[in-house]
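Colleague: File follows, input-v2.tsv with TSV, C-alpha atoms:
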chain	number	residue	atom	x	y	z
S	1	MET	CA	-9.19	9.75	-66.30
S	2	ASP	CA	-11.21	11.79	-68.76
S	3	ARG	CA	-10.35	14.98	-70.63
S	4	GLN	CA	-11.95	17.34	-68.11
S	5	GLN	CA	-10.29	15.65	-65.11
S	6	LEU	CA	-6.89	16.01	-66.78
S	7	LYS	CA	-7.58	19.65	-67.60
S	8	ASN	CA	-8.67	20.32	-64.00
S	9	LEU	CA	-5.56	18.57	-62.71
S	10	GLN	CA	-3.12	20.54	-64.87
S	11	ALA	CA	-4.84	23.95	-65.16
S	12	PRO	CA	-3.63	25.33	-61.80
S	13	LEU	CA	-0.08	24.17	-62.57
S	14	LYS	CA	-0.09	25.78	-66.01
S	15	GLU	CA	-1.38	29.03	-64.53
S	16	LEU	CA	1.25	28.99	-61.78
S	17	TYR	CA	4.05	28.31	-64.27
S	18	GLN	CA	2.87	31.12	-66.54
S	19	GLN	CA	2.81	33.56	-63.63
S	20	ASP	CA	6.10	32.39	-62.11
S	21	PRO	CA	8.29	30.33	-64.47
S	22	THR	CA	10.72	29.52	-61.63
S	23	GLN	CA	8.00	27.35	-60.07
S	24	ALA	CA	8.15	25.03	-63.09
S	25	VAL	CA	11.78	24.08	-62.52
S	26	ALA	CA	12.48	20.83	-60.68
S	27	GLU	CA	15.67	18.97	-59.92
S	28	LEU	CA	15.29	15.23	-60.49
S	29	ARG	CA	17.79	13.13	-58.59
S	30	ALA	CA	18.85	9.53	-58.26
S	31	VAL	CA	21.53	8.27	-55.90
S	32	GLY	CA	23.18	4.97	-56.67
S	33	ILE	CA	24.69	2.90	-53.87
S	34	VAL	CA	27.54	0.83	-55.29
S	35	ASP	CA	28.24	-2.73	-54.10
S	36	LEU	CA	31.81	-3.50	-55.14
S	37	ALA	CA	31.57	-7.16	-54.11
S	38	THR	CA	28.67	-7.94	-56.47
S	39	LEU	CA	29.41	-5.31	-59.16
S	40	THR	CA	25.93	-3.85	-58.69
S	41	CYS	CA	24.40	-0.48	-57.91
S	42	SER	CA	21.02	0.14	-56.31
S	43	VAL	CA	18.68	3.12	-56.51
S	44	GLN	CA	15.52	3.83	-54.53
S	45	ARG	CA	12.27	3.25	-56.36
S	46	PRO	CA	10.31	5.53	-56.20
S	47	PRO	CA	12.20	8.32	-54.43
S	48	GLY	CA	11.49	8.13	-50.71
S	49	ASP	CA	10.28	4.53	-50.94
S	50	ALA	CA	12.14	1.78	-49.11
S	51	THR	CA	12.32	-0.47	-52.17
S	52	HIS	CA	15.31	-0.47	-54.52
S	53	VAL	CA	16.12	-1.41	-58.08
S	54	ILE	CA	19.44	-3.20	-58.36
S	55	ALA	CA	21.41	-2.92	-61.60
S	56	GLY	CA	24.43	-4.87	-62.67
S	57	LEU	CA	26.30	-6.11	-65.68
S	58	HIS	CA	24.36	-7.08	-68.79
S	59	PRO	CA	24.92	-10.74	-69.76
S	60	LYS	CA	26.92	-9.58	-72.80
S	61	ALA	CA	29.28	-7.82	-70.36
S	62	GLY	CA	29.57	-10.75	-67.93
S	63	GLY	CA	26.35	-10.47	-65.94
S	64	ASP	CA	24.11	-13.40	-65.06
S	65	ASN	CA	20.76	-11.70	-65.81
S	66	SER	CA	19.76	-11.81	-62.12
S	67	VAL	CA	19.58	-8.01	-61.84
S	68	ALA	CA	18.50	-5.18	-64.09
S	69	CYS	CA	20.87	-3.72	-66.68
S	70	SER	CA	21.14	0.06	-66.79
S	71	GLY	CA	20.82	0.05	-70.60
S	72	ASP	CA	17.58	-1.90	-70.29
S	73	MET	CA	16.49	0.56	-67.59
S	74	LEU	CA	17.16	3.44	-69.99
S	75	MET	CA	14.88	1.77	-72.56
S	76	GLN	CA	12.30	1.18	-69.80
S	77	ALA	CA	12.50	4.86	-68.85
S	78	LEU	CA	11.96	5.84	-72.49
S	79	ALA	CA	9.04	3.42	-72.96
S	80	THR	CA	7.31	4.47	-69.74
S	81	CYS	CA	7.85	8.20	-70.33
S	82	ALA	CA	6.49	7.89	-73.87
S	83	GLY	CA	3.62	5.75	-72.56
S	84	VAL	CA	2.60	8.20	-69.84
S	85	THR	CA	2.89	11.07	-72.31
S	86	LEU	CA	0.81	9.11	-74.83
S	87	ALA	CA	-1.88	8.46	-72.20
S	88	ALA	CA	-2.09	12.13	-71.20
S	89	VAL	CA	-2.07	13.42	-74.77
S	90	SER	CA	-4.66	10.89	-75.98
S	91	VAL	CA	-6.96	11.84	-73.10
S	92	SER	CA	-6.38	15.53	-73.82
S	93	MET	CA	-7.22	14.94	-77.50
S	94	GLY	CA	-10.34	12.95	-76.54
S	95	LEU	CA	-9.19	9.90	-78.51
S	96	ASP	CA	-10.86	6.53	-78.09
S	97	LEU	CA	-7.95	4.10	-77.67
S	98	GLN	CA	-8.64	0.57	-76.53
S	99	GLU	CA	-5.00	-0.49	-76.38
S	100	ALA	CA	-1.62	1.20	-76.49
S	101	THR	CA	1.84	-0.29	-76.13
S	102	VAL	CA	5.16	1.53	-76.42
S	103	GLU	CA	8.25	-0.44	-77.35
S	104	ALA	CA	11.76	1.05	-77.00
S	105	ILE	CA	14.58	-0.86	-78.67
S	106	GLY	CA	18.19	0.15	-78.20
S	107	THR	CA	21.09	-1.31	-80.17
S	108	MET	CA	24.52	-1.57	-78.61
S	109	ASP	CA	27.83	-3.20	-79.53
S	110	PHE	CA	29.39	-4.44	-76.30
S	111	ARG	CA	32.90	-4.33	-77.75
S	112	GLY	CA	32.85	-0.59	-76.96
S	113	THR	CA	32.04	-0.88	-73.26
S	114	LEU	CA	34.38	-3.83	-72.78
S	115	GLY	CA	37.28	-2.03	-74.46
S	116	VAL	CA	37.65	-4.73	-77.09
S	117	SER	CA	37.81	-2.19	-79.92
S	118	ARG	CA	38.53	1.52	-79.70
S	119	ASP	CA	36.71	1.93	-83.04
S	120	VAL	CA	33.40	0.87	-81.50
S	121	PRO	CA	31.55	3.53	-79.46
S	122	CYS	CA	30.63	2.85	-75.85
S	123	GLY	CA	26.87	3.06	-75.50
S	124	LEU	CA	23.77	2.79	-77.60
S	125	THR	CA	24.22	3.42	-81.30
S	126	SER	CA	20.53	3.63	-82.16
S	127	VAL	CA	17.12	3.68	-80.52
S	128	VAL	CA	13.77	2.86	-82.12
S	129	LEU	CA	10.46	3.77	-80.51
S	130	ASN	CA	7.42	1.83	-81.74
S	131	PHE	CA	3.84	2.79	-80.87
S	132	HIS	CA	1.31	-0.05	-81.14
S	133	LEU	CA	-2.11	1.60	-81.06
S	134	ARG	CA	-5.61	0.19	-81.40
S	135	GLY	CA	-8.77	2.22	-81.21
S	136	ASN	CA	-11.45	4.20	-82.97
S	137	ALA	CA	-9.22	7.10	-83.97
S	138	SER	CA	-8.44	8.08	-87.55
S	139	THR	CA	-4.99	7.62	-89.08
S	140	GLU	CA	-4.53	11.38	-88.97
S	141	GLN	CA	-5.44	11.51	-85.27
S	142	LEU	CA	-3.02	8.68	-84.44
S	143	ASP	CA	-0.25	10.36	-86.44
S	144	LYS	CA	-0.89	13.60	-84.55
S	145	LEU	CA	-0.87	11.70	-81.25
S	146	VAL	CA	2.56	10.20	-81.98
S	147	GLN	CA	3.84	13.59	-83.16
S	148	LEU	CA	2.74	15.19	-79.88
S	149	VAL	CA	4.26	12.36	-77.81
S	150	GLU	CA	7.53	12.92	-79.67
S	151	ARG	CA	7.27	16.62	-78.83
S	152	TYR	CA	6.44	16.27	-75.12
S	153	CYS	CA	8.17	13.06	-73.95
S	154	VAL	CA	10.93	14.19	-71.58
S	155	VAL	CA	13.18	11.14	-71.92
S	156	LEU	CA	12.89	11.05	-75.71
S	157	ASN	CA	13.72	14.74	-76.01
S	158	THR	CA	16.63	14.39	-73.60
S	159	LEU	CA	18.11	11.58	-75.68
S	160	GLN	CA	17.53	13.39	-78.97
S	161	LYS	CA	18.99	16.69	-77.82
S	162	SER	CA	22.10	15.23	-76.19
S	163	VAL	CA	21.92	17.43	-73.11
S	164	SER	CA	25.05	18.63	-71.40
S	165	VAL	CA	26.29	16.15	-68.80
S	166	SER	CA	29.16	16.74	-66.42
S	167	SER	CA	30.76	14.48	-63.86
S	168	HIS	CA	32.75	15.36	-60.77
S	169	ARG	CA	34.86	13.36	-58.33
S	170	ILE	CA	33.94	14.26	-54.78
S	171	THR	CA	36.19	12.90	-52.07
S	172	ALA	CA	34.37	11.70	-48.98
I'd like the structure from this file rewritten - as structure tokens, please.

Modeller:
Amino acid sequence: MDRQQLKNLQAPLKELYQQDPTQAVAELRAVGIVDLATLTCSVQRPPGDATHVIAGLHPKAGGDNSVACSGDMLMQALATCAGVTLAAVSVSMGLDLQEATVEAIGTMDFRGTLGVSRDVPCGLTSVVLNFHLRGNASTEQLDKLVQLVERYCVVLNTLQKSVSVSSHRITA
């Protein structure tokens, strides 16, 4: 896709959202179907598709590495969101990139999730996002590209801003 195609694709949406901000709001949803026998949970991929991603225990929590781990999936979501954002922003900027790779690395101490130590938090303790870029853009342009990806990547911003999350038990 080139710069003009992207502009043509997004211009009507931007205009609509400026005229009626309520049209810009979307509810994203995932429903996990739990399999108690295998200690796994599956979600549709993509929504409405018949295929599923199955997640289970990470090997450091007793899994056998035969299914995805939700922590790995979170890093995959971050890498793909940053990658899609990078692609759109680089096209919008008219940059000449020959290659771009986004690497998301999360660090976690499994003693927290396994209840081995109450002093160790449950969950990721740090995340690093690396952008491997090759092309005919200047250092300043590449720095600006990364800065804009950091500004517009939904998953990155959600992680950084620690959005409000609530949970509810609903009896069937």

Colleague: For S:Val102, work out the shell of residues within 10 Å, counting only C-alpha atoms and skipping chain neighbours fewer than 6 positions away, then give it as an MDAnalysis selection string.

Modeller: chainID S and resid 76 78:84 86 129:133

Colleague: Measuring atom to atom with all atoms listed in the file, identify which of S:Leu145, S:Val165, S:Leu16, S:Val43 is nearest to S:Ala100.

Modeller: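 That would be S:Leu145, the residue with the smallest distance to S:Ala100.
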
Colleague: Between atom CA of S:Ala137 and atom CA of S:Thr85, what is the spacing in Å?

Modeller: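 Between atom CA of S:Thr85 and atom CA of S:Ala137 the gap works out to 17.3 Å.
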
Colleague: Please compute the atom CA of S:Asp96-atom CA of S:Leu156 distance, one decimal, in Å.

Modeller: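 Separation between atom CA of S:Asp96 and atom CA of S:Leu156: 24.3 Å.
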
Colleague: Counting only C-alpha atoms, which residues come within 7 Å of (25.1, -6.2, -59.2), with the point read in the file's coordinates, and could you list them as a compact mmCIF listing (two decimals) with C-alpha atoms, in the frame of the given file?

Modeller:
# COMPACT_ATOMS: atom_id res chain seq x y z
CA ASP S 35 28.24 -2.73 -54.10
CA THR S 38 28.67 -7.94 -56.47
CA LEU S 39 29.41 -5.31 -59.16
CA THR S 40 25.93 -3.85 -58.69
CA CYS S 41 24.40 -0.48 -57.91
CA ILE S 54 19.44 -3.20 -58.36
CA ALA S 55 21.41 -2.92 -61.60
CA GLY S 56 24.43 -4.87 -62.67
CA LEU S 57 26.30 -6.11 -65.68
CA VAL S 67 19.58 -8.01 -61.84

Colleague: So, counting only C-alpha atoms, which residue among S:Ala24, S:Val89, S:Ala30, S:Leu13 is closest to S:Leu148?

Modeller: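 That would be S:Val89, the residue with the smallest distance to S:Leu148.
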
Colleague: Could you tell me how far atom CA of S:Glu15 sits from atom CA of S:Asp2, in Å to one decimal place?

Modeller: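 According to the coordinates, atom CA of S:Asp2 and atom CA of S:Glu15 are separated by 20.3 Å.
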
Colleague: When you look at S:Pro121 with a cut-off of 12 Å (counting only C-alpha atoms), what residues show up, excluding the ones that are within fewer than 2 positions of it in the same chain? I need them as a short mmCIF file (atom, residue, chain, number, x, y, z; two decimals) with C-alpha atoms, in the coordinates of the input.

Modeller:
data_model
loop_
_atom_site.label_atom_id
_atom_site.label_comp_id
_atom_site.auth_asym_id
_atom_site.auth_seq_id
_atom_site.Cartn_x
_atom_site.Cartn_y
_atom_site.Cartn_z
CA THR S 107 21.09 -1.31 -80.17
CA MET S 108 24.52 -1.57 -78.61
CA ASP S 109 27.83 -3.20 -79.53
CA PHE S 110 29.39 -4.44 -76.30
CA ARG S 111 32.90 -4.33 -77.75
CA GLY S 112 32.85 -0.59 -76.96
CA THR S 113 32.04 -0.88 -73.26
CA LEU S 114 34.38 -3.83 -72.78
CA GLY S 115 37.28 -2.03 -74.46
CA VAL S 116 37.65 -4.73 -77.09
CA SER S 117 37.81 -2.19 -79.92
CA ARG S 118 38.53 1.52 -79.70
CA ASP S 119 36.71 1.93 -83.04
CA GLY S 123 26.87 3.06 -75.50
CA LEU S 124 23.77 2.79 -77.60
CA THR S 125 24.22 3.42 -81.30
CA SER S 126 20.53 3.63 -82.16
#

Colleague: Can you list, as a list of chain:residue names, every protein, DNA or RNA residue that comes within 12 Å of S:Leu6 when you count only C-alpha atoms, leaving out same-chain residues fewer than 4 positions away?

Modeller: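 In the requested form, the answer reads S:Met1, S:Asp2, S:Gln10, S:Ala11, S:Pro12, S:Leu13, S:Lys14, S:Ala87, S:Ala88, S:Val89, S:Ser90, S:Val91, S:Ser92, S:Met93, S:Gly94.
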
Colleague: Given the point (16.7, -6.3, -67.1) in the coordinates of this file, which residues lie within 12 Å, counting only C-alpha atoms, and how would they look as number ranges by chain?

Modeller: S: 53-59, 63-76

Colleague: How about saving the chosen residues, C-alpha atoms kept, as an mmCIF file, in the frame of the given file?

Modeller:
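Writing the result to selection.cif gives the following:
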data_model
loop_
_atom_site.group_PDB
_atom_site.id
_atom_site.type_symbol
_atom_site.label_atom_id
_atom_site.label_comp_id
_atom_site.auth_asym_id
_atom_site.auth_seq_id
_atom_site.Cartn_x
_atom_site.Cartn_y
_atom_site.Cartn_z
ATOM 1 C CA VAL S 53 16.120 -1.410 -58.080
ATOM 2 C CA ILE S 54 19.440 -3.200 -58.360
ATOM 3 C CA ALA S 55 21.410 -2.920 -61.600
ATOM 4 C CA GLY S 56 24.430 -4.870 -62.670
ATOM 5 C CA LEU S 57 26.300 -6.110 -65.680
ATOM 6 C CA HIS S 58 24.360 -7.080 -68.790
ATOM 7 C CA PRO S 59 24.920 -10.740 -69.760
ATOM 8 C CA GLY S 63 26.350 -10.470 -65.940
ATOM 9 C CA ASP S 64 24.110 -13.400 -65.060
ATOM 10 C CA ASN S 65 20.760 -11.700 -65.810
ATOM 11 C CA SER S 66 19.760 -11.810 -62.120
ATOM 12 C CA VAL S 67 19.580 -8.010 -61.840
ATOM 13 C CA ALA S 68 18.500 -5.180 -64.090
ATOM 14 C CA CYS S 69 20.870 -3.720 -66.680
ATOM 15 C CA SER S 70 21.140 0.060 -66.790
ATOM 16 C CA GLY S 71 20.820 0.050 -70.600
ATOM 17 C CA ASP S 72 17.580 -1.900 -70.290
ATOM 18 C CA MET S 73 16.490 0.560 -67.590
ATOM 19 C CA LEU S 74 17.160 3.440 -69.990
ATOM 20 C CA MET S 75 14.880 1.770 -72.560
ATOM 21 C CA GLN S 76 12.300 1.180 -69.800
#

Colleague: Find, counting only C-alpha atoms, the residue in S:Asp49, S:Asp143, S:Asp20, S:Glu103 that gets nearest to S:Ala77.

Modeller: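 Ranking S:Asp49, S:Asp143, S:Asp20, S:Glu103 by distance to S:Ala77, first place goes to S:Glu103.
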
Colleague: Using 6 Å of padding on each side, determine the axis-aligned box around all atoms of stretch 58-70 of chain S present in the file and give its centre and edge lengths in Å to one decimal, as AutoDock Vina command-line options.

Modeller:
--center_x 24.0 --center_y -6.7 --center_z -67.3 --size_x 23.1 --size_y 25.5 --size_z 23.0

Colleague: Just save stretch 27-143 of chain S with C-alpha atoms, as a compact mmCIF listing (two decimals), in the first residue's frame.

Modeller:
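That gives us out.txt:
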# COMPACT_ATOMS: atom_id res chain seq x y z
CA GLU S 27 -16.13 -2.81 21.80
CA LEU S 28 -13.49 -5.48 21.24
CA ARG S 29 -14.41 -8.87 22.64
CA ALA S 30 -12.90 -12.29 23.11
CA VAL S 31 -14.70 -15.27 24.60
CA GLY S 32 -12.62 -18.07 26.04
CA ILE S 33 -14.04 -21.58 26.20
CA VAL S 34 -12.42 -23.40 29.12
CA ASP S 35 -11.53 -27.11 28.94
CA LEU S 36 -11.13 -28.26 32.54
CA ALA S 37 -9.83 -31.70 31.54
CA THR S 38 -6.83 -30.33 29.61
CA LEU S 39 -6.35 -27.06 31.54
CA THR S 40 -6.72 -25.09 28.31
CA CYS S 41 -8.86 -22.27 27.00
CA SER S 42 -9.68 -21.58 23.36
CA VAL S 43 -10.65 -18.35 21.60
CA GLN S 44 -11.86 -17.83 18.04
CA ARG S 45 -9.31 -16.47 15.62
CA PRO S 46 -10.26 -14.11 14.00
CA PRO S 47 -13.68 -13.24 15.43
CA GLY S 48 -16.35 -15.03 13.43
CA ASP S 49 -13.86 -17.51 11.98
CA ALA S 50 -14.20 -21.21 12.74
CA THR S 51 -10.55 -21.60 13.75
CA HIS S 52 -9.40 -21.30 17.36
CA VAL S 53 -6.25 -20.54 19.28
CA ILE S 54 -5.80 -22.84 22.25
CA ALA S 55 -3.86 -21.58 25.26
CA GLY S 56 -2.63 -23.52 28.23
CA LEU S 57 0.00 -23.60 30.90
CA HIS S 58 3.48 -22.29 30.11
CA PRO S 59 6.16 -24.97 30.56
CA LYS S 60 7.45 -23.09 33.63
CA ALA S 61 3.97 -23.55 35.15
CA GLY S 62 3.62 -27.23 34.22
CA GLY S 63 2.64 -27.05 30.55
CA ASP S 64 4.13 -29.24 27.83
CA ASN S 65 4.56 -26.51 25.18
CA SER S 66 1.94 -28.13 22.93
CA VAL S 67 -0.38 -25.10 23.09
CA ALA S 68 0.07 -21.35 23.21
CA CYS S 69 0.74 -19.57 26.49
CA SER S 70 -1.36 -16.49 27.21
CA GLY S 71 1.74 -14.53 28.27
CA ASP S 72 3.36 -15.33 24.93
CA MET S 73 0.10 -14.34 23.24
CA LEU S 74 0.22 -10.99 25.03
CA MET S 75 3.73 -10.43 23.66
CA GLN S 76 2.49 -11.53 20.21
CA ALA S 77 -0.38 -9.03 20.47
CA LEU S 78 2.08 -6.28 21.38
CA ALA S 79 4.51 -7.18 18.57
CA THR S 80 1.78 -7.41 15.93
CA CYS S 81 0.02 -4.22 17.06
CA ALA S 82 3.32 -2.33 17.03
CA GLY S 83 4.17 -3.90 13.66
CA VAL S 84 0.87 -2.94 12.02
CA THR S 85 1.16 0.55 13.49
CA LEU S 86 4.75 0.79 12.24
CA ALA S 87 3.67 -0.26 8.74
CA ALA S 88 0.86 2.31 8.60
CA VAL S 89 2.96 5.13 10.04
CA SER S 90 5.96 4.40 7.79
CA VAL S 91 3.69 4.43 4.73
CA SER S 92 2.05 7.64 5.94
CA MET S 93 5.49 9.21 6.41
CA GLY S 94 6.59 8.02 2.95
CA LEU S 95 9.59 6.16 4.37
CA ASP S 96 11.55 3.66 2.30
CA LEU S 97 11.89 0.63 4.58
CA GLN S 98 13.14 -2.63 3.13
CA GLU S 99 12.75 -4.63 6.33
CA ALA S 100 11.09 -4.17 9.70
CA THR S 101 10.82 -6.57 12.61
CA VAL S 102 9.24 -5.90 15.99
CA GLU S 103 10.35 -7.95 18.98
CA ALA S 104 8.40 -7.92 22.26
CA ILE S 105 10.13 -9.48 25.27
CA GLY S 106 8.33 -9.92 28.56
CA THR S 107 10.03 -10.98 31.78
CA MET S 108 8.12 -12.97 34.38
CA ASP S 109 8.98 -14.80 37.59
CA PHE S 110 6.75 -17.87 37.75
CA ARG S 111 7.01 -18.08 41.54
CA GLY S 112 4.29 -15.40 41.63
CA THR S 113 1.71 -17.22 39.52
CA LEU S 114 2.43 -20.56 41.19
CA GLY S 115 2.06 -19.10 44.68
CA VAL S 116 5.58 -20.11 45.65
CA SER S 117 6.36 -16.67 47.10
CA ARG S 118 3.93 -13.95 48.11
CA ASP S 119 6.77 -11.44 47.66
CA VAL S 120 6.94 -12.11 43.92
CA PRO S 121 4.27 -10.40 41.78
CA CYS S 122 2.00 -12.47 39.56
CA GLY S 123 2.49 -11.39 35.97
CA LEU S 124 5.05 -9.68 33.81
CA THR S 125 7.52 -7.46 35.62
CA SER S 126 8.96 -5.80 32.53
CA VAL S 127 8.44 -5.57 28.79
CA VAL S 128 10.96 -4.48 26.17
CA LEU S 129 9.96 -3.57 22.63
CA ASN S 130 12.74 -3.67 20.02
CA PHE S 131 12.37 -2.28 16.50
CA HIS S 132 14.78 -3.75 13.93
CA LEU S 133 14.60 -1.44 10.91
CA ARG S 134 16.49 -1.41 7.63
CA GLY S 135 15.94 1.07 4.86
CA ASN S 136 16.87 4.35 3.23
CA ALA S 137 15.50 6.57 5.98
CA SER S 138 17.60 8.91 8.10
CA THR S 139 18.25 8.29 11.79
CA GLU S 140 15.94 11.18 12.59
CA GLN S 141 13.15 9.73 10.45
CA LEU S 142 13.51 6.30 12.07
CA ASP S 143 13.50 7.87 15.55
